[in-house]
>>> print(open('target36.cif').read())   # mmCIF, C-alpha atoms and all ligand atoms
data_upload
loop_
_atom_site.label_atom_id
_atom_site.label_comp_id
_atom_site.auth_asym_id
_atom_site.auth_seq_id
_atom_site.Cartn_x
_atom_site.Cartn_y
_atom_site.Cartn_z
CA MET Y 117 16.58 -1.94 -27.17
CA SER Y 118 18.34 1.40 -27.75
CA LYS Y 119 15.79 3.89 -26.48
CA LYS Y 120 14.33 2.79 -23.17
CA LYS Y 121 11.16 4.43 -22.08
CA ILE Y 122 8.46 2.63 -20.15
CA LEU Y 123 4.96 3.41 -18.95
CA ILE Y 124 4.24 1.59 -15.69
CA THR Y 125 0.66 1.73 -14.47
CA GLY Y 126 -0.15 1.14 -10.80
CA THR Y 127 2.97 2.89 -9.45
CA ALA Y 128 1.21 4.11 -6.29
CA GLY Y 129 0.50 0.42 -5.65
CA PHE Y 130 2.68 -2.30 -4.17
CA ILE Y 131 4.23 -4.02 -7.19
CA GLY Y 132 4.25 -0.95 -9.46
CA PHE Y 133 6.13 1.07 -6.84
CA HIS Y 134 8.89 -1.58 -6.66
CA LEU Y 135 9.06 -2.06 -10.42
CA ALA Y 136 9.40 1.70 -11.02
CA GLU Y 137 12.26 1.89 -8.54
CA ARG Y 138 14.09 -1.00 -10.20
CA MET Y 139 13.63 0.37 -13.74
CA LEU Y 140 14.75 3.84 -12.62
CA ASN Y 141 17.89 2.38 -11.11
CA GLU Y 142 18.53 0.65 -14.42
CA ASN Y 143 18.31 4.06 -16.13
CA TRP Y 144 15.06 3.57 -17.93
CA GLU Y 145 12.96 6.65 -18.42
CA VAL Y 146 9.79 5.89 -16.45
CA VAL Y 147 6.33 7.42 -16.48
CA GLY Y 148 4.17 6.18 -13.60
CA TYR Y 149 0.37 6.18 -13.90
CA ASP Y 150 -2.17 5.58 -11.13
CA ASN Y 151 -5.53 6.99 -10.04
CA ILE Y 152 -4.59 6.59 -6.33
CA ASN Y 153 -8.00 5.09 -5.55
CA ASN Y 154 -9.12 4.42 -1.98
CA TYR Y 155 -9.54 0.63 -2.16
CA TYR Y 156 -7.07 0.72 0.73
CA ASP Y 157 -5.70 3.65 2.68
CA VAL Y 158 -4.33 6.27 0.30
CA LYS Y 159 -1.79 7.36 2.91
CA LEU Y 160 0.21 4.25 2.07
CA LYS Y 161 -0.01 5.07 -1.64
CA TYR Y 162 1.18 8.64 -1.09
CA ALA Y 163 3.97 7.34 1.15
CA ARG Y 164 5.17 5.04 -1.67
CA LEU Y 165 5.02 7.93 -4.14
CA ARG Y 166 6.96 10.13 -1.74
CA GLU Y 167 9.63 7.41 -1.44
CA ALA Y 168 10.09 7.84 -5.21
CA GLY Y 169 10.25 11.64 -4.95
CA ILE Y 170 6.67 12.43 -5.98
CA ASP Y 171 5.24 15.09 -3.71
CA ARG Y 172 1.57 14.71 -2.77
CA ASP Y 173 0.95 18.47 -3.02
CA ALA Y 174 2.14 18.53 -6.63
CA ILE Y 175 -0.27 15.80 -7.75
CA GLU Y 176 -3.21 16.93 -9.84
CA TYR Y 177 -5.41 14.81 -12.11
CA GLY Y 178 -3.93 14.59 -15.63
CA LYS Y 179 -0.72 16.49 -14.84
CA LEU Y 180 2.77 14.99 -15.13
CA VAL Y 181 4.76 15.51 -11.92
CA GLN Y 182 8.58 15.39 -11.88
CA SER Y 183 10.26 13.30 -9.17
CA SER Y 184 12.63 15.20 -6.88
CA ILE Y 185 14.79 12.07 -6.48
CA TYR Y 186 14.92 10.54 -9.94
CA PRO Y 187 15.47 12.85 -12.93
CA ASN Y 188 14.15 10.03 -15.13
CA TYR Y 189 10.81 9.66 -13.30
CA ARG Y 190 7.51 11.43 -13.85
CA PHE Y 191 4.14 10.47 -12.44
CA ILE Y 192 0.61 11.16 -13.63
CA LYS Y 193 -2.59 10.70 -11.66
CA ALA Y 194 -5.15 9.32 -14.10
CA ASN Y 195 -7.78 6.63 -14.62
CA LEU Y 196 -7.14 3.73 -16.96
CA GLU Y 197 -10.68 4.34 -18.23
CA ASP Y 198 -9.78 7.86 -19.42
CA CYS Y 199 -9.11 6.99 -23.05
CA SER Y 200 -8.51 10.50 -24.44
CA LEU Y 201 -6.01 11.31 -21.70
CA MET Y 202 -4.27 8.00 -22.26
CA GLU Y 203 -4.14 8.39 -26.05
CA ASN Y 204 -2.62 11.89 -25.67
CA LEU Y 205 -0.04 10.62 -23.23
CA PHE Y 206 0.98 7.74 -25.52
CA GLN Y 207 1.24 10.05 -28.54
CA LYS Y 208 3.36 12.61 -26.69
CA GLU Y 209 5.64 10.21 -24.85
CA GLN Y 210 6.29 7.47 -27.46
CA PHE Y 211 6.93 4.66 -24.97
CA ASP Y 212 8.90 1.59 -25.98
CA VAL Y 213 7.31 -0.71 -23.44
CA VAL Y 214 4.16 -0.65 -21.31
CA CYS Y 215 3.75 -2.57 -18.08
CA ASN Y 216 0.16 -2.60 -16.88
CA LEU Y 217 -0.01 -3.32 -13.16
CA ALA Y 218 -2.92 -1.00 -12.34
CA ALA Y 219 -6.08 -2.96 -11.64
CA GLN Y 220 -8.78 -3.39 -9.10
CA ALA Y 221 -7.16 -6.14 -7.04
CA GLY Y 222 -8.64 -8.31 -4.31
CA VAL Y 223 -10.74 -11.45 -4.50
CA ARG Y 224 -13.12 -10.82 -1.61
CA TYR Y 225 -13.87 -7.21 -2.56
CA SER Y 226 -15.01 -8.38 -6.02
CA ILE Y 227 -17.93 -10.22 -4.43
CA GLU Y 228 -19.33 -6.95 -3.02
CA ASN Y 229 -18.16 -4.51 -5.70
CA PRO Y 230 -18.27 -6.23 -9.09
CA ARG Y 231 -18.68 -3.10 -11.19
CA VAL Y 232 -15.36 -1.46 -10.27
CA TYR Y 233 -13.61 -4.57 -11.62
CA VAL Y 234 -15.37 -4.16 -14.94
CA GLN Y 235 -14.29 -0.51 -15.15
CA SER Y 236 -10.63 -0.86 -14.17
CA ASN Y 237 -9.82 -4.36 -15.35
CA LEU Y 238 -11.88 -4.62 -18.52
CA VAL Y 239 -12.62 -1.09 -19.82
CA GLY Y 240 -9.22 0.13 -18.57
CA PHE Y 241 -7.39 -2.81 -20.11
CA VAL Y 242 -9.02 -2.31 -23.51
CA ASN Y 243 -7.76 1.29 -23.42
CA ILE Y 244 -4.25 0.04 -22.74
CA LEU Y 245 -4.50 -2.40 -25.65
CA GLU Y 246 -5.87 0.25 -28.00
CA CYS Y 247 -3.15 2.76 -27.08
CA CYS Y 248 -0.47 0.09 -27.51
CA ARG Y 249 -1.68 -0.80 -30.97
CA HIS Y 250 -2.05 2.83 -32.10
CA ASN Y 251 1.41 3.77 -30.89
CA GLN Y 252 3.62 0.87 -32.03
CA ILE Y 253 4.45 -0.27 -28.50
CA LYS Y 254 7.17 -2.92 -28.73
CA HIS Y 255 5.96 -4.96 -25.78
CA LEU Y 256 2.96 -4.91 -23.45
CA VAL Y 257 3.59 -6.73 -20.17
CA TYR Y 258 0.55 -7.00 -17.89
CA ALA Y 259 -0.45 -8.48 -14.55
CA SER Y 260 -2.62 -11.54 -14.61
CA SER Y 261 -2.97 -13.66 -11.49
CA SER Y 262 -2.67 -17.15 -10.04
CA SER Y 263 -6.38 -16.82 -9.28
CA VAL Y 264 -7.13 -17.80 -12.91
CA TYR Y 265 -6.40 -21.40 -11.84
CA GLY Y 266 -9.49 -21.38 -9.60
CA ASN Y 267 -9.90 -24.48 -7.43
CA SER Y 268 -7.94 -26.73 -9.73
CA ASP Y 269 -6.91 -30.02 -8.11
CA LYS Y 270 -3.96 -30.47 -10.40
CA VAL Y 271 -0.77 -29.11 -8.85
CA PRO Y 272 1.55 -27.47 -9.53
CA PHE Y 273 -0.40 -25.02 -11.71
CA SER Y 274 1.04 -24.89 -15.19
CA GLU Y 275 0.46 -22.33 -17.95
CA ASP Y 276 -0.74 -25.23 -20.12
CA ASP Y 277 -3.60 -26.11 -17.74
CA ARG Y 278 -7.15 -25.20 -18.71
CA VAL Y 279 -8.23 -22.11 -16.79
CA ASP Y 280 -11.90 -21.90 -17.66
CA TYR Y 281 -13.40 -22.05 -14.19
CA PRO Y 282 -12.62 -18.87 -12.21
CA VAL Y 283 -14.31 -18.68 -8.79
CA SER Y 284 -14.36 -14.87 -8.39
CA LEU Y 285 -15.11 -11.98 -10.70
CA TYR Y 286 -11.58 -10.72 -10.03
CA ALA Y 287 -10.18 -13.97 -11.46
CA ALA Y 288 -12.60 -13.80 -14.38
CA THR Y 289 -11.36 -10.29 -15.31
CA LYS Y 290 -7.74 -11.49 -15.19
CA LYS Y 291 -8.53 -14.41 -17.46
CA ALA Y 292 -10.41 -11.97 -19.71
CA ASN Y 293 -7.25 -9.81 -19.90
CA GLU Y 294 -5.32 -12.80 -21.23
CA LEU Y 295 -7.98 -13.47 -23.85
CA MET Y 296 -8.10 -9.83 -24.94
CA ALA Y 297 -4.31 -9.67 -25.11
CA HIS Y 298 -4.31 -12.76 -27.31
CA THR Y 299 -6.74 -11.11 -29.70
CA TYR Y 300 -4.51 -8.03 -30.06
CA SER Y 301 -1.41 -10.17 -30.48
CA HIS Y 302 -3.18 -12.14 -33.20
CA LEU Y 303 -4.86 -9.26 -35.03
CA TYR Y 304 -2.19 -6.56 -34.76
CA GLN Y 305 1.04 -8.48 -33.99
CA LEU Y 306 1.20 -6.65 -30.66
CA SER Y 307 3.75 -8.47 -28.50
CA THR Y 308 2.13 -9.21 -25.15
CA THR Y 309 3.22 -11.07 -22.04
CA GLY Y 310 0.79 -11.88 -19.22
CA LEU Y 311 2.25 -12.61 -15.80
CA ARG Y 312 0.37 -14.78 -13.32
CA PHE Y 313 1.71 -13.59 -9.96
CA PHE Y 314 1.39 -15.84 -6.91
CA THR Y 315 0.60 -14.16 -3.53
CA VAL Y 316 3.19 -11.39 -3.40
CA TYR Y 317 4.55 -10.11 -0.09
CA GLY Y 318 7.30 -7.80 1.07
CA PRO Y 319 8.04 -4.20 2.12
CA TRP Y 320 5.40 -1.63 1.16
CA GLY Y 321 2.95 -4.53 0.74
CA ARG Y 322 -0.80 -4.50 0.38
CA PRO Y 323 -2.68 -3.95 3.65
CA ASP Y 324 -5.63 -6.07 2.46
CA MET Y 325 -3.46 -9.19 2.02
CA ALA Y 326 -2.57 -11.85 4.60
CA PRO Y 327 1.12 -10.97 5.21
CA MET Y 328 0.41 -7.30 6.05
CA LEU Y 329 -2.77 -8.19 7.98
CA PHE Y 330 -0.86 -10.81 9.98
CA ALA Y 331 2.10 -8.51 10.71
CA LYS Y 332 -0.20 -5.72 11.86
CA ALA Y 333 -2.29 -8.03 14.06
CA ILE Y 334 0.79 -9.62 15.67
CA ALA Y 335 2.41 -6.21 16.27
CA GLU Y 336 -0.79 -4.84 17.84
CA GLY Y 337 -1.70 -8.03 19.77
CA LYS Y 338 -5.01 -8.26 17.91
CA PRO Y 339 -6.61 -11.46 16.55
CA ILE Y 340 -5.65 -12.78 13.12
CA LYS Y 341 -8.61 -14.05 11.13
CA VAL Y 342 -7.56 -17.51 9.92
CA PHE Y 343 -9.88 -18.52 7.08
CA ASN Y 344 -10.94 -22.11 6.42
CA ASN Y 345 -9.55 -22.84 9.91
CA GLY Y 346 -6.04 -22.50 8.48
CA ASP Y 347 -6.57 -25.31 5.97
CA MET Y 348 -5.23 -23.34 3.02
CA MET Y 349 -1.93 -23.27 1.19
CA ARG Y 350 -0.39 -20.31 -0.53
CA ASP Y 351 2.66 -20.04 -2.75
CA PHE Y 352 3.92 -16.81 -1.13
CA THR Y 353 6.42 -15.05 -3.38
CA TYR Y 354 8.80 -12.34 -2.26
CA ILE Y 355 8.52 -8.99 -4.03
CA THR Y 356 12.19 -8.92 -5.10
CA ASP Y 357 11.69 -12.22 -6.93
CA ILE Y 358 8.54 -10.93 -8.61
CA ILE Y 359 10.36 -7.81 -9.81
CA GLU Y 360 13.30 -9.85 -11.11
CA GLY Y 361 10.83 -11.99 -13.08
CA ILE Y 362 9.13 -8.93 -14.58
CA VAL Y 363 12.45 -7.35 -15.56
CA ARG Y 364 13.65 -10.54 -17.29
CA VAL Y 365 10.41 -10.69 -19.23
CA ILE Y 366 10.31 -7.02 -20.27
CA GLU Y 367 13.25 -7.32 -22.65
CA ALA Y 368 12.31 -10.78 -23.95
CA ILE Y 369 9.81 -9.63 -26.54
CA PRO Y 370 7.70 -12.41 -28.04
CA GLY Y 371 7.48 -12.41 -31.84
CA LYS Y 372 9.13 -15.54 -33.17
CA GLY Y 373 7.69 -18.90 -34.22
CA GLY Y 374 5.14 -21.15 -32.60
CA GLU Y 375 1.39 -21.17 -32.82
CA HIS Y 376 0.95 -17.81 -31.04
CA PRO Y 377 4.17 -15.93 -31.86
CA TYR Y 378 3.29 -12.56 -30.29
CA TYR Y 379 1.61 -13.86 -27.16
CA GLN Y 380 3.01 -15.46 -24.02
CA ILE Y 381 1.98 -16.18 -20.44
CA PHE Y 382 4.24 -16.94 -17.48
CA ASN Y 383 3.67 -17.95 -13.89
CA ILE Y 384 5.84 -16.04 -11.46
CA GLY Y 385 5.75 -17.86 -8.15
CA CYS Y 386 8.02 -19.37 -5.55
CA SER Y 387 6.87 -22.97 -6.23
CA ASN Y 388 7.01 -23.66 -2.51
CA PRO Y 389 3.47 -23.54 -1.11
CA VAL Y 390 3.05 -23.35 2.66
CA ARG Y 391 0.11 -23.92 4.98
CA LEU Y 392 -1.30 -20.70 6.42
CA MET Y 393 -0.65 -21.88 9.98
CA ASP Y 394 3.03 -22.53 9.18
CA PHE Y 395 3.30 -19.09 7.64
CA ILE Y 396 1.88 -17.58 10.85
CA VAL Y 397 4.33 -19.55 13.00
CA MET Y 398 7.22 -18.23 10.88
CA MET Y 399 5.94 -14.69 11.30
CA GLU Y 400 5.65 -15.17 15.07
CA LYS Y 401 9.27 -16.30 15.17
CA ALA Y 402 10.48 -13.38 13.05
CA MET Y 403 8.51 -10.87 15.13
CA ARG Y 404 9.29 -12.63 18.43
CA LYS Y 405 5.66 -12.40 19.45
CA LYS Y 406 2.74 -14.83 19.64
CA ALA Y 407 -0.25 -14.37 17.38
CA VAL Y 408 -3.83 -14.40 18.65
CA LEU Y 409 -5.87 -16.59 16.31
CA GLU Y 410 -9.52 -16.36 15.35
CA MET Y 411 -10.61 -19.36 13.32
CA CYS Y 412 -13.05 -18.49 10.53
CA PRO Y 413 -14.86 -20.39 7.77
CA MET Y 414 -13.77 -20.35 4.13
CA GLN Y 415 -14.58 -17.06 2.37
CA LYS Y 416 -16.54 -16.96 -0.85
CA GLY Y 417 -14.28 -16.64 -3.89
CA ASP Y 418 -11.14 -17.86 -2.09
CA VAL Y 419 -9.22 -20.87 -3.35
CA LYS Y 420 -7.80 -23.58 -1.09
CA ARG Y 421 -4.30 -23.64 -2.49
CA THR Y 422 -1.98 -22.08 -5.01
CA PHE Y 423 1.22 -23.65 -6.31
CA ALA Y 424 3.22 -22.34 -9.28
CA ASP Y 425 4.90 -24.55 -11.80
CA SER Y 426 7.93 -22.40 -12.67
CA ASN Y 427 9.32 -24.56 -15.47
CA ASN Y 428 8.22 -22.32 -18.31
CA ILE Y 429 9.85 -19.13 -17.05
CA TYR Y 430 12.91 -21.10 -15.93
CA THR Y 431 13.38 -22.68 -19.35
CA LYS Y 432 12.71 -19.55 -21.38
CA MET Y 433 14.12 -16.80 -19.14
CA ASN Y 434 16.57 -18.73 -17.00
CA TYR Y 435 14.68 -17.38 -14.02
CA LEU Y 436 14.35 -18.96 -10.59
CA PRO Y 437 13.10 -17.22 -7.45
CA SER Y 438 15.89 -16.83 -4.92
CA PHE Y 439 14.21 -15.88 -1.62
CA SER Y 440 13.38 -18.68 0.81
CA LEU Y 441 10.24 -18.10 2.85
CA LYS Y 442 12.40 -17.68 5.96
CA ASN Y 443 14.54 -14.95 4.39
CA GLY Y 444 11.56 -13.23 2.82
CA ILE Y 445 9.58 -13.18 6.07
CA GLU Y 446 12.58 -11.84 7.98
CA GLU Y 447 13.13 -9.02 5.50
CA PHE Y 448 9.45 -8.22 5.41
CA THR Y 449 8.93 -8.15 9.18
CA ASN Y 450 12.10 -6.06 9.67
CA TRP Y 451 10.67 -3.55 7.25
CA TYR Y 452 7.27 -3.69 8.90
CA ILE Y 453 8.67 -2.89 12.33
CA THR Y 454 10.89 0.01 11.22
CA TYR Y 455 9.39 1.55 8.10
CA GLU Y 456 5.76 1.19 9.08
CA ASP Y 457 6.60 3.22 12.16
CA ASN Y 458 8.22 5.89 9.97
CA VAL Y 459 5.23 5.94 7.66
CA LYS Y 460 2.89 6.18 10.63
CA ARG Y 461 4.87 9.05 12.13
CA THR Y 462 4.67 11.02 8.90
CA PHE Y 463 1.20 10.13 7.72
CA GLY Y 464 -0.66 8.81 10.77
CA ASN Y 465 -2.08 5.30 11.12
CA PHE Y 466 -3.05 3.51 7.96
CA ASN Y 467 -5.44 0.58 7.69
N1 LIG Y 501 -0.09 -8.52 -4.92
C1 LIG Y 501 -0.38 -9.76 -5.32
O1 LIG Y 501 -0.20 -10.74 -4.60
C2 LIG Y 501 -0.92 -9.99 -6.70
C3 LIG Y 501 -1.15 -11.32 -7.11
C4 LIG Y 501 -1.64 -11.55 -8.39
C5 LIG Y 501 -1.86 -10.50 -9.24
N2 LIG Y 501 -1.65 -9.22 -8.82
C6 LIG Y 501 -1.92 -8.15 -9.76
O2 LIG Y 501 -0.75 -7.34 -9.86
C7 LIG Y 501 -1.10 -5.98 -10.09
C8 LIG Y 501 -0.49 -5.10 -9.03
O3 LIG Y 501 -0.99 -5.51 -7.76
P1 LIG Y 501 -0.62 -4.78 -6.40
O4 LIG Y 501 -0.54 -5.84 -5.38
O5 LIG Y 501 0.51 -3.85 -6.61
O6 LIG Y 501 -1.99 -3.98 -6.17
P2 LIG Y 501 -2.22 -2.48 -5.66
O7 LIG Y 501 -3.69 -2.37 -5.39
O8 LIG Y 501 -1.30 -2.16 -4.53
O9 LIG Y 501 -1.82 -1.60 -6.91
C9 LIG Y 501 -2.69 -1.35 -7.98
C10 LIG Y 501 -2.72 0.14 -8.24
O10 LIG Y 501 -3.57 0.37 -9.37
C11 LIG Y 501 -4.29 1.57 -9.15
N3 LIG Y 501 -5.53 1.50 -9.93
C12 LIG Y 501 -6.57 0.66 -9.72
N4 LIG Y 501 -7.54 0.89 -10.63
C13 LIG Y 501 -7.08 1.90 -11.42
C14 LIG Y 501 -7.62 2.58 -12.54
N5 LIG Y 501 -8.84 2.29 -13.01
N6 LIG Y 501 -6.89 3.57 -13.13
C15 LIG Y 501 -5.66 3.87 -12.66
N7 LIG Y 501 -5.10 3.28 -11.59
C16 LIG Y 501 -5.81 2.29 -10.99
C17 LIG Y 501 -4.55 1.62 -7.66
O11 LIG Y 501 -4.74 2.94 -7.18
C18 LIG Y 501 -3.31 0.94 -7.08
O12 LIG Y 501 -2.37 1.90 -6.61
C19 LIG Y 501 -2.62 -5.95 -10.14
O13 LIG Y 501 -3.03 -6.06 -11.46
C20 LIG Y 501 -3.02 -7.20 -9.37
O14 LIG Y 501 -4.30 -7.66 -9.76
C21 LIG Y 501 -1.18 -8.95 -7.59
#
>>> encode(input="target36.cif", output="structure tokens")
Amino acid sequence: MSKKKILITGTAGFIGFHLAERMLNENWEVVGYDNINNYYDVKLKYARLREAGIDRDAIEYGKLVQSSIYPNYRFIKANLEDCSLMENLFQKEQFDVVCNLAAQAGVRYSIENPRVYVQSNLVGFVNILECCRHNQIKHLVYASSSSVYGNSDKVPFSEDDRVDYPVSLYAATKKANELMAHTYSHLYQLSTTGLRFFTVYGPWGRPDMAPMLFAKAIAEGKPIKVFNNGDMMRDFTYITDIIEGIVRVIEAIPGKGGEHPYYQIFNIGCSNPVRLMDFIVMMEKAMRKKAVLEMCPMQKGDVKRTFADSNNIYTKMNYLPSFSLKNGIEEFTNWYITYEDNVKRTFGNFN
């Protein structure tokens, strides 16, 4: 690709923040897009933006803000649902590639707040698709999720498995994204790639997810809620591996041969599931501190295990995750101890 300009949505969020940094360092021109919602503490979102040179005071809805660190980075605060704003932005900026990571995330929250998922993940995603088709976007890459596999007994989870039985509305919206993307690939030859991420952890992580919740509880000597009495397995995947997977995929534009030439789906996961209790023990070791455990029943909408089959992305993109759980946990907890303190000093406590 000669001209390299990308729209990344969700850049105040965990994965979007890391992807923007990587693309900027590879000299892409990046526009970041996020509504900075308060699903979790916005102080963490502003801290991530600040890390990328976007000053909180300069942020205004609908206005592009220039980064003070990266000359090739601008950020806009906006809703995915705002179709006129998004259409204008696409027309003005003429992106080559779009990576949609903005979404209402979280399985448990979708039980209590179904409507926000419809707005961000369905209405918002249709806007992305429409803008891509109207503006000759070369490739739309978007976040799906391992949650589309539901409570499937067949492991590892492969992209060829049937995924018709989601157990949360969050998962249902992610599956819906894949279906909608297929329609646009079929009708308009829009090249789309859906990425099913498996439990992502690492620096600047999500405070509603187990790794950040565990690190915080261990650091503060507070109880960790262990759901389903610890009888759960997760295929934890380190953020650097996730970003490497996304970057490999971005330039591999689907459009040749096969039954669905413009449409593809990949798992991105470590393929090394671990029991929750073993994960906690590894965190205790890395943080040199015992955890206090509070055993709890299974939560509605949760799945008992996740396990990625990585064959597809390995065969087609020559991609394999490289972080062992031990290395990933060490890097993550080192960050937690130092950087979280820095963030706290600047912004106050975040939840
Ligand atoms: N983190 C994981 O383990 C994981 C696993 C599977 C899938 N995913 C998916 O990957 C993507 C990124 O996840 P993350 O962990 O970085 O989550 P995140 O919540 O940290 O980031 C998402 C960002 O999107 C923004 N956003 C939400 N709704 C929006 C809207 N309507 N308009 C504009 N911005 C909006 C939020 O403000 C947030 O900053 C999401 O689509 C998520 O569903 C994440």
>>> residues_near_ligand(input="target36.cif", ligand="ligand LIG 501 (chain Y)", cutoff="6 Å", atoms="only C-alpha atoms and all ligand atoms", output="ChimeraX atom specification")
/Y:126,128-132,150-153,194-197,217-221,236,240,259-262,313-316,322
>>> closest_residue(input="target36.cif", among="Y:Val239, Y:Val271, Y:Met414, Y:Cys247", to="Ala292 (chain Y)", atoms="only C-alpha atoms")
Y:Val239
>>> residues_near_point(input="target36.cif", point="(6.6, -23.7, -3.6)", cutoff="7 Å", atoms="all atoms listed in the file", output="list in words")
Asp351, Cys386, Ser387, Asn388, Pro389, Phe423 and Ala424 of chain Y
>>> residues_near_point(input="target36.cif", point="(7.3, -6.4, -12.2)", cutoff="10 Å", atoms="only C-alpha atoms", output="PyMOL selection string")
chain Y and resi 124+131-136+138-139+215-217+257-259+311+313+355-366+384
>>> write_last_selection(input="target36.cif", atoms="C-alpha atoms", output="mmCIF file, in the coordinates of the input")
data_model
loop_
_atom_site.group_PDB
_atom_site.id
_atom_site.type_symbol
_atom_site.label_atom_id
_atom_site.label_comp_id
_atom_site.auth_asym_id
_atom_site.auth_seq_id
_atom_site.Cartn_x
_atom_site.Cartn_y
_atom_site.Cartn_z
ATOM 1 C CA ILE Y 124 4.240 1.590 -15.690
ATOM 2 C CA ILE Y 131 4.230 -4.020 -7.190
ATOM 3 C CA GLY Y 132 4.250 -0.950 -9.460
ATOM 4 C CA PHE Y 133 6.130 1.070 -6.840
ATOM 5 C CA HIS Y 134 8.890 -1.580 -6.660
ATOM 6 C CA LEU Y 135 9.060 -2.060 -10.420
ATOM 7 C CA ALA Y 136 9.400 1.700 -11.020
ATOM 8 C CA ARG Y 138 14.090 -1.000 -10.200
ATOM 9 C CA MET Y 139 13.630 0.370 -13.740
ATOM 10 C CA CYS Y 215 3.750 -2.570 -18.080
ATOM 11 C CA ASN Y 216 0.160 -2.600 -16.880
ATOM 12 C CA LEU Y 217 -0.010 -3.320 -13.160
ATOM 13 C CA VAL Y 257 3.590 -6.730 -20.170
ATOM 14 C CA TYR Y 258 0.550 -7.000 -17.890
ATOM 15 C CA ALA Y 259 -0.450 -8.480 -14.550
ATOM 16 C CA LEU Y 311 2.250 -12.610 -15.800
ATOM 17 C CA PHE Y 313 1.710 -13.590 -9.960
ATOM 18 C CA ILE Y 355 8.520 -8.990 -4.030
ATOM 19 C CA THR Y 356 12.190 -8.920 -5.100
ATOM 20 C CA ASP Y 357 11.690 -12.220 -6.930
ATOM 21 C CA ILE Y 358 8.540 -10.930 -8.610
ATOM 22 C CA ILE Y 359 10.360 -7.810 -9.810
ATOM 23 C CA GLU Y 360 13.300 -9.850 -11.110
ATOM 24 C CA GLY Y 361 10.830 -11.990 -13.080
ATOM 25 C CA ILE Y 362 9.130 -8.930 -14.580
ATOM 26 C CA VAL Y 363 12.450 -7.350 -15.560
ATOM 27 C CA ARG Y 364 13.650 -10.540 -17.290
ATOM 28 C CA VAL Y 365 10.410 -10.690 -19.230
ATOM 29 C CA ILE Y 366 10.310 -7.020 -20.270
ATOM 30 C CA ILE Y 384 5.840 -16.040 -11.460
#
>>> closest_residue(input="target36.cif", among="Y:Ala297, Y:Met403, Y:His255, Y:Leu409", to="Lys338 (chain Y)", atoms="only C-alpha atoms")
Y:Leu409
>>> atom_distance(input="target36.cif", atom1="CA of Tyr177 (chain Y)", atom2="CA of Leu140 (chain Y)")
23.0 Å
>>> closest_residue(input="target36.cif", among="Y:Leu201, Y:Leu392, Y:Ile244, Y:Leu329", to="Phe352 (chain Y)", atoms="all atoms listed in the file")
Y:Leu392
>>> atom_distance(input="target36.cif", atom1="CA of Asp171 (chain Y)", atom2="CA of Cys248 (chain Y)")
28.7 Å
>>> atom_distance(input="target36.cif", atom1="CA of Arg190 (chain Y)", atom2="CA of Gly169 (chain Y)")
9.3 Å
>>> closest_residue(input="target36.cif", among="Y:Cys412, Y:Phe211, Y:Lys161, Y:Arg172", to="Val146 (chain Y)", atoms="all atoms listed in the file")
Y:Phe211
>>> closest_residue(input="target36.cif", among="Y:Ala335, Y:Phe191, Y:Glu228, Y:Val223", to="Gly266 (chain Y)", atoms="all atoms listed in the file")
Y:Val223
>>> axis_aligned_box(input="target36.cif", around="region 372-391 of chain Y", padding_each_side="6 Å", output="AutoDock Vina command-line options")
--center_x 4.6 --center_y -18.2 --center_z -14.6 --size_x 21.0 --size_y 23.4 --size_z 51.2
>>> residues_around(input="target36.cif", residues="Gly337 (chain Y)", least_positions_apart="6", cutoff="10 Å", atoms="all atoms listed in the file", output="list in words")
Ala331, Lys405, Lys406, Ala407 and Val408 of chain Y
>>> residues_around(input="target36.cif", residues="Phe439 (chain Y)", least_positions_apart="2", cutoff="10 Å", atoms="only C-alpha atoms", output="JSON, numbers by chain")
{"Y": [353, 354, 355, 356, 357, 386, 436, 437, 441, 442, 443, 444, 445, 447]}
>>> residues_around(input="target36.cif", residues="Leu303 (chain Y)", least_positions_apart="6", cutoff="12 Å", atoms="only C-alpha atoms", output="NGL selection string")
:Y and (245-246 or 249 or 296-297 or 376-379)
>>> closest_residue(input="target36.cif", among="Y:Thr422, Y:Gly417, Y:Gly318, Y:Glu275", to="Met348 (chain Y)", atoms="all atoms listed in the file")
Y:Thr422
